[in-house]
$ cat structure.txt   # compact mmCIF, C-alpha atoms
# COMPACT_ATOMS: atom_id res chain seq x y z
CA PRO L 1 -1.27 -50.57 9.63
CA PRO L 2 1.70 -48.18 9.34
CA ALA L 3 3.90 -50.74 7.59
CA ALA L 4 1.30 -51.42 4.91
CA LEU L 5 0.68 -47.70 4.44
CA LEU L 6 4.42 -47.08 4.09
CA ASP L 7 4.74 -49.85 1.51
CA TRP L 8 1.85 -48.36 -0.45
CA ALA L 9 3.44 -44.89 -0.37
CA LEU L 10 6.86 -46.19 -1.43
CA ASP L 11 5.36 -48.19 -4.29
CA GLY L 12 3.54 -45.08 -5.49
CA LEU L 13 6.69 -42.95 -5.37
CA ALA L 14 8.64 -45.65 -7.19
CA ALA L 15 5.95 -45.83 -9.87
CA VAL L 16 6.45 -42.15 -10.74
CA GLY L 17 10.24 -42.37 -10.69
CA ALA L 18 10.85 -40.51 -7.44
CA LEU L 19 12.76 -43.41 -5.87
CA THR L 20 13.99 -46.93 -6.52
CA LEU L 21 13.29 -49.98 -4.37
CA GLU L 22 15.93 -52.68 -4.06
CA ASP L 23 16.71 -55.19 -1.29
CA ASP L 24 14.22 -53.53 1.10
CA GLU L 25 15.96 -50.18 0.63
CA ALA L 26 14.49 -47.04 -0.90
CA THR L 27 16.82 -44.63 -2.73
CA LEU L 28 15.79 -41.21 -3.99
CA THR L 29 16.28 -40.62 -7.70
CA PRO L 30 17.28 -37.16 -9.03
CA LEU L 31 13.55 -36.48 -9.45
CA GLY L 32 12.93 -37.47 -5.84
CA ASN L 33 15.76 -35.26 -4.59
CA TRP L 34 14.37 -32.33 -6.54
CA ALA L 35 10.88 -32.90 -5.09
CA VAL L 36 12.24 -32.99 -1.53
CA TRP L 37 14.15 -29.74 -2.01
CA VAL L 38 11.11 -28.05 -3.52
CA LYS L 39 8.97 -29.10 -0.57
CA LEU L 40 11.60 -27.94 1.92
CA GLU L 41 11.78 -24.60 0.14
CA GLN L 42 8.00 -24.25 0.34
CA ILE L 43 8.06 -25.06 4.05
CA CYS L 44 10.80 -22.47 4.66
CA VAL L 45 8.95 -19.78 2.72
CA ALA L 46 5.71 -20.60 4.51
CA ALA L 47 7.49 -20.27 7.86
CA GLN L 48 8.45 -16.67 7.02
CA SER L 49 5.06 -15.24 7.93
CA PRO L 50 5.51 -12.86 10.85
CA ALA L 51 1.91 -11.64 10.53
CA GLY L 52 0.59 -15.20 10.81
CA ASN L 53 -1.76 -15.22 7.82
CA ILE L 54 -0.85 -18.60 6.36
CA GLU L 55 -3.88 -20.44 7.74
CA GLN L 56 -6.31 -17.68 6.74
CA SER L 57 -8.61 -17.73 3.74
CA ALA L 58 -7.57 -15.49 0.84
CA ALA L 59 -9.92 -12.76 2.07
CA GLY L 60 -8.60 -13.00 5.64
CA MET L 61 -4.99 -12.98 4.46
CA LEU L 62 -5.58 -9.91 2.27
CA ARG L 63 -7.33 -8.06 5.09
CA GLY L 64 -4.34 -8.79 7.29
CA CYS L 65 -1.97 -7.51 4.62
CA ALA L 66 -3.96 -4.28 4.18
CA ARG L 67 -2.23 -2.93 7.29
CA LEU L 68 1.28 -3.79 6.04
CA THR L 69 3.70 -1.86 3.88
CA PRO L 70 4.40 -3.33 0.41
CA GLY L 71 7.54 -5.30 1.36
CA PRO L 72 6.09 -7.22 4.34
CA ALA L 73 2.82 -7.67 2.43
CA ARG L 74 4.66 -9.40 -0.42
CA ALA L 75 6.36 -11.68 2.11
CA GLU L 76 2.93 -12.63 3.43
CA TYR L 77 1.65 -13.28 -0.10
CA ARG L 78 4.62 -15.54 -0.81
CA ALA L 79 4.19 -17.46 2.43
CA TRP L 80 0.44 -17.92 1.89
CA LEU L 81 0.97 -19.04 -1.71
CA ALA L 82 3.76 -21.46 -0.79
CA ALA L 83 1.37 -23.34 1.48
CA ARG L 84 -1.18 -23.99 -1.31
CA PRO L 85 -1.39 -25.46 -4.81
CA VAL L 86 -0.99 -22.62 -7.29
CA GLY L 87 -4.22 -23.31 -9.17
CA SER L 88 -6.49 -23.27 -6.13
CA ALA L 89 -4.71 -20.25 -4.64
CA VAL L 90 -5.17 -18.24 -7.84
CA ALA L 91 -8.83 -19.25 -8.05
CA GLU L 92 -9.41 -18.19 -4.44
CA LEU L 93 -7.74 -14.81 -5.01
CA LEU L 94 -9.87 -14.16 -8.08
CA ASP L 95 -13.03 -15.08 -6.16
CA VAL L 96 -12.11 -12.46 -3.55
CA ALA L 97 -11.45 -9.94 -6.32
CA ARG L 98 -15.02 -10.42 -7.56
CA GLY L 99 -16.41 -9.25 -4.21
CA GLU L 100 -17.68 -5.83 -3.19
CA ASP L 101 -14.56 -4.70 -1.29
CA ALA L 102 -12.48 -2.71 -3.76
CA LEU L 103 -9.46 -2.73 -1.45
CA LEU L 104 -9.36 -6.54 -1.43
CA ARG L 105 -9.76 -6.52 -5.22
CA GLY L 106 -6.61 -4.46 -5.62
CA LEU L 107 -4.71 -6.50 -3.05
CA ALA L 108 -5.75 -9.75 -4.73
CA PHE L 109 -4.05 -8.63 -7.92
CA GLU L 110 -0.99 -7.58 -5.92
CA ALA L 111 -0.83 -11.14 -4.62
CA LEU L 112 -1.27 -12.43 -8.18
CA ARG L 113 1.79 -10.38 -9.18
CA VAL L 114 3.75 -12.52 -6.74
CA VAL L 115 2.38 -15.65 -8.45
CA GLY L 116 3.55 -14.37 -11.84
CA ALA L 117 3.32 -16.39 -15.04
CA PRO L 118 1.49 -19.44 -13.61
CA ALA L 119 -1.52 -17.19 -12.97
CA GLU L 120 -1.69 -15.87 -16.53
CA PRO L 121 -4.26 -18.32 -18.00
CA ALA L 122 -6.69 -17.67 -15.14
CA VAL L 123 -6.23 -13.90 -15.35
CA ARG L 124 -6.84 -13.97 -19.10
CA GLU L 125 -10.08 -15.85 -18.50
CA VAL L 126 -11.44 -13.10 -16.24
CA ALA L 127 -10.33 -10.18 -18.42
CA ASP L 128 -13.87 -9.81 -19.80
CA GLU L 129 -15.51 -9.52 -16.37
CA PRO L 130 -16.35 -5.81 -15.83
CA TYR L 131 -15.18 -5.69 -12.20
CA LEU L 132 -11.87 -7.37 -12.97
CA ARG L 133 -11.09 -6.20 -16.50
CA PRO L 134 -8.99 -3.07 -15.70
CA TYR L 135 -6.97 -4.94 -13.09
CA ALA L 136 -6.52 -7.96 -15.36
CA LEU L 137 -5.41 -5.87 -18.34
CA LEU L 138 -2.82 -4.01 -16.28
CA TRP L 139 -1.61 -7.30 -14.75
CA LEU L 140 -1.23 -8.88 -18.19
CA ALA L 141 0.58 -5.82 -19.55
CA GLU L 142 3.06 -5.97 -16.65
CA GLN L 143 3.64 -9.67 -17.31
CA GLU L 144 4.55 -8.75 -20.87
CA GLY L 145 7.08 -6.20 -19.62
CA GLY L 146 4.88 -3.10 -19.62
CA ASP L 147 5.30 -0.19 -17.24
CA PRO L 148 2.50 0.21 -14.67
CA GLU L 149 2.69 3.98 -15.25
CA ASP L 150 1.57 3.45 -18.85
CA SER L 151 -2.01 2.55 -17.91
CA PRO L 152 -3.52 5.05 -20.41
CA ASP L 153 -1.89 2.98 -23.15
CA VAL L 154 -3.39 -0.25 -21.77
CA LEU L 155 -6.88 0.83 -20.69
CA THR L 156 -9.54 2.68 -22.60
CA ARG L 157 -10.68 6.01 -21.16
CA GLU L 158 -13.81 4.33 -19.79
CA GLU L 159 -11.82 1.48 -18.19
CA ALA L 160 -9.40 3.95 -16.61
CA THR L 161 -12.30 5.97 -15.20
CA TRP L 162 -13.96 2.82 -13.83
CA LEU L 163 -10.68 1.89 -12.15
CA TRP L 164 -10.42 5.41 -10.70
CA VAL L 165 -13.86 5.06 -9.11
CA ASP L 166 -13.05 1.56 -7.82
CA THR L 167 -9.81 2.77 -6.24
CA ALA L 168 -11.64 5.77 -4.78
CA ALA L 169 -14.16 3.36 -3.24
CA ALA L 170 -11.31 1.51 -1.55
CA VAL L 171 -9.91 4.78 -0.21
CA ALA L 172 -13.34 5.95 0.95
CA ASP L 173 -13.94 2.68 2.83
CA HIS L 174 -10.50 2.19 4.35
CA GLY L 175 -8.54 5.45 4.05
CA GLU L 176 -8.69 9.07 5.14
CA GLY L 177 -10.45 11.99 3.48
CA GLN L 178 -7.19 13.63 2.45
CA LEU L 179 -6.16 10.49 0.57
CA LEU L 180 -9.41 10.69 -1.37
CA VAL L 181 -8.76 14.34 -2.21
CA ARG L 182 -5.25 13.49 -3.44
CA HIS L 183 -6.73 10.66 -5.50
CA LEU L 184 -8.17 13.35 -7.77
CA GLU L 185 -4.68 13.92 -9.14
CA SER L 186 -4.51 10.40 -10.54
CA ALA L 187 -7.53 10.81 -12.82
CA VAL L 188 -6.81 10.74 -16.55
CA GLN L 189 -9.17 13.66 -17.12
CA GLY L 190 -7.55 17.07 -17.09
CA THR L 191 -10.31 18.85 -15.16
CA VAL L 192 -12.74 17.99 -12.38
CA PRO L 193 -15.82 18.78 -14.55
CA ALA L 194 -14.54 16.37 -17.22
CA LEU L 195 -13.88 13.73 -14.55
CA LEU L 196 -17.36 14.12 -13.07
CA ALA L 197 -18.98 13.86 -16.50
CA GLU L 198 -17.16 10.63 -17.29
CA VAL L 199 -17.59 9.17 -13.80
CA ARG L 200 -21.35 9.55 -14.20
CA SER L 201 -21.26 7.62 -17.48
CA VAL L 202 -19.23 4.53 -16.51
CA GLY L 203 -21.91 3.07 -14.26
CA HIS L 204 -19.75 1.98 -11.33
CA PRO L 205 -22.08 0.83 -8.52
CA ARG L 206 -20.16 2.83 -5.91
CA THR L 207 -20.20 6.13 -7.81
CA VAL L 208 -22.66 7.94 -5.54
CA GLN L 209 -20.88 6.91 -2.33
CA VAL L 210 -17.51 7.92 -3.75
CA LEU L 211 -18.73 11.34 -4.86
CA VAL L 212 -20.46 12.00 -1.54
CA ALA L 213 -17.30 11.08 0.36
CA LEU L 214 -15.18 13.25 -1.93
CA ALA L 215 -17.50 16.21 -1.48
CA ALA L 216 -17.35 15.83 2.30
CA ALA L 217 -13.55 15.69 2.29
CA HIS L 218 -12.67 18.39 -0.25
CA PRO L 219 -11.70 21.77 1.26
CA ASP L 220 -12.87 23.83 -1.76
CA PRO L 221 -16.57 24.70 -1.17
CA ALA L 222 -17.28 25.35 -4.85
CA LEU L 223 -15.73 22.07 -5.98
CA ALA L 224 -17.43 20.17 -3.17
CA LYS L 225 -20.76 21.63 -4.26
CA ALA L 226 -20.16 20.51 -7.87
CA VAL L 227 -19.28 17.01 -6.68
CA ARG L 228 -22.42 16.81 -4.51
CA ARG L 229 -24.49 17.92 -7.49
CA ALA L 230 -22.92 15.18 -9.61
CA ALA L 231 -23.69 12.60 -6.90
CA PHE L 232 -27.33 13.73 -6.82
CA GLN L 233 -27.57 13.49 -10.59
CA VAL L 234 -26.22 9.94 -10.55
CA HIS L 235 -28.60 9.01 -7.73
CA THR L 236 -31.64 10.39 -9.55
CA GLY L 237 -30.54 9.31 -13.02
CA GLY L 238 -30.27 12.90 -14.24
CA ALA L 239 -27.94 14.16 -16.94

$ encode --input "structure.txt" --output "structure tokens"
Amino acid sequence: PPAALLDWALDGLAAVGALTLEDDEATLTPLGNWAVWVKLEQICVAAQSPAGNIEQSAAGMLRGCARLTPGPARAEYRAWLAARPVGSAVAELLDVARGEDALLRGLAFEALRVVGAPAEPAVREVADEPYLRPYALLWLAEQEGGDPEDSPDVLTREEATWLWVDTAAAVADHGEGQLLVRHLESAVQGTVPALLAEVRSVGHPRTVQVLVALAAAHPDPALAKAVRRAAFQVHTGGA
């Protein structure tokens, strides 16, 4: 019955110090007032979701945010996170990041940036997973006050190259050819031959697809030919 259920709930709240019970009246303690305001704040944040992704899974929410600019995307991340316990939300985001879609992997760590410090233990735990390591190391460096532009100081050359291929895979799957061509400029290697040599060695599972897409998009016939040759060598296991 409702009355019995209410009594049970009030007794539980009183037991943890959220309210006091006296003469059939319940009075919120300072702890109880704080809890109510926190919950109201969460409800208000969750309501600020113009794209309507709150009820989605982490993967669905991230796919919805892929079409948004950074500001509205962060608002969606905050709203989605406010509607869930932090621990389970972080775990769900990391599960998505382990998937095959490189775009969702990057977006998952963008959402984790909104979480901030509470996500740090979980991110540290995944820092040894090959697919997540570059993202996790950069995330941890930013939490410690590092500059995202200083990635060469955070990642090894191999990790930076792996991240370049992973980002290129996201662009190849979801972006335009010209974006993939411009992505060449972000490589840590100074020349395309050096980039191709190191890309072949890092063992990213999407290397062939990325190189084929880059060759198809690049306007320089000689460079496109070199990229196609590199893709063939990776495919056949050649040097």

$ residues_around --input "structure.txt" --residues "stretch 152-159 of chain L" --least-positions-apart "3" --cutoff "7 Å" --atoms "only C-alpha atoms" --output "PyMOL selection string"
chain L and resi 134+137-138+162-163+202

$ axis_aligned_box --input "structure.txt" --around "stretch 65-80 of chain L" --padding-each-side "6 Å" --output "lines of an AutoDock Vina configuration file"
center_x = 1.8
center_y = -9.9
center_z = 3.2
size_x = 23.5
size_y = 28.1
size_z = 20.1

$ residues_around --input "structure.txt" --residues "L:Val96" --least-positions-apart "3" --cutoff "9 Å" --atoms "only C-alpha atoms" --output "VMD selection string"
chain L and resid 58 to 59 91 to 93 99 to 101 104 to 105 108

$ residues_near_point --input "structure.txt" --point "(-17.0, 5.7, -3.8)" --cutoff "10 Å" --atoms "only C-alpha atoms" --output "JSON list (two decimals) with C-alpha atoms, in the frame of the given file"
[["chain", "number", "residue", "atom", "x", "y", "z"],
["L", 102, "ALA", "CA", -12.48, -2.71, -3.76],
["L", 164, "TRP", "CA", -10.42, 5.41, -10.70],
["L", 165, "VAL", "CA", -13.86, 5.06, -9.11],
["L", 166, "ASP", "CA", -13.05, 1.56, -7.82],
["L", 167, "THR", "CA", -9.81, 2.77, -6.24],
["L", 168, "ALA", "CA", -11.64, 5.77, -4.78],
["L", 169, "ALA", "CA", -14.16, 3.36, -3.24],
["L", 170, "ALA", "CA", -11.31, 1.51, -1.55],
["L", 171, "VAL", "CA", -9.91, 4.78, -0.21],
["L", 172, "ALA", "CA", -13.34, 5.95, 0.95],
["L", 173, "ASP", "CA", -13.94, 2.68, 2.83],
["L", 180, "LEU", "CA", -9.41, 10.69, -1.37],
["L", 204, "HIS", "CA", -19.75, 1.98, -11.33],
["L", 205, "PRO", "CA", -22.08, 0.83, -8.52],
["L", 206, "ARG", "CA", -20.16, 2.83, -5.91],
["L", 207, "THR", "CA", -20.20, 6.13, -7.81],
["L", 208, "VAL", "CA", -22.66, 7.94, -5.54],
["L", 209, "GLN", "CA", -20.88, 6.91, -2.33],
["L", 210, "VAL", "CA", -17.51, 7.92, -3.75],
["L", 211, "LEU", "CA", -18.73, 11.34, -4.86],
["L", 212, "VAL", "CA", -20.46, 12.00, -1.54],
["L", 213, "ALA", "CA", -17.30, 11.08, 0.36],
["L", 214, "LEU", "CA", -15.18, 13.25, -1.93]]

$ atom_distance --input "structure.txt" --atom1 "atom CA of L:Glu129" --atom2 "atom CA of L:Arg200"
20.1 Å

$ residues_around --input "structure.txt" --residues "L:Leu6" --least-positions-apart "6" --cutoff "12 Å" --atoms "only C-alpha atoms" --output "MDAnalysis selection string"
chainID L and resid 12:13 26

$ write_last_selection --input "structure.txt" --atoms "C-alpha atoms" --output "tab-separated table (two decimals), in the coordinates of the input"
chain	number	residue	atom	x	y	z
L	12	GLY	CA	3.54	-45.08	-5.49
L	13	LEU	CA	6.69	-42.95	-5.37
L	26	ALA	CA	14.49	-47.04	-0.90

$ closest_residue --input "structure.txt" --among "L:Ala119, L:Ala73, L:Ala111, L:Val227" --to "L:Ser88" --atoms "all atoms listed in the file"
L:Ala119

$ closest_residue --input "structure.txt" --among "L:Pro130, L:Glu22, L:Ala160, L:Val123" --to "L:Val188" --atoms "all atoms listed in the file"
L:Ala160

$ residues_near_point --input "structure.txt" --point "(1.8, -13.8, -21.3)" --cutoff "7 Å" --atoms "only C-alpha atoms" --output "PyMOL selection string"
chain L and resi 117+120+140+143-144

$ atom_distance --input "structure.txt" --atom1 "atom CA of L:Glu142" --atom2 "atom CA of L:Arg113"
8.8 Å
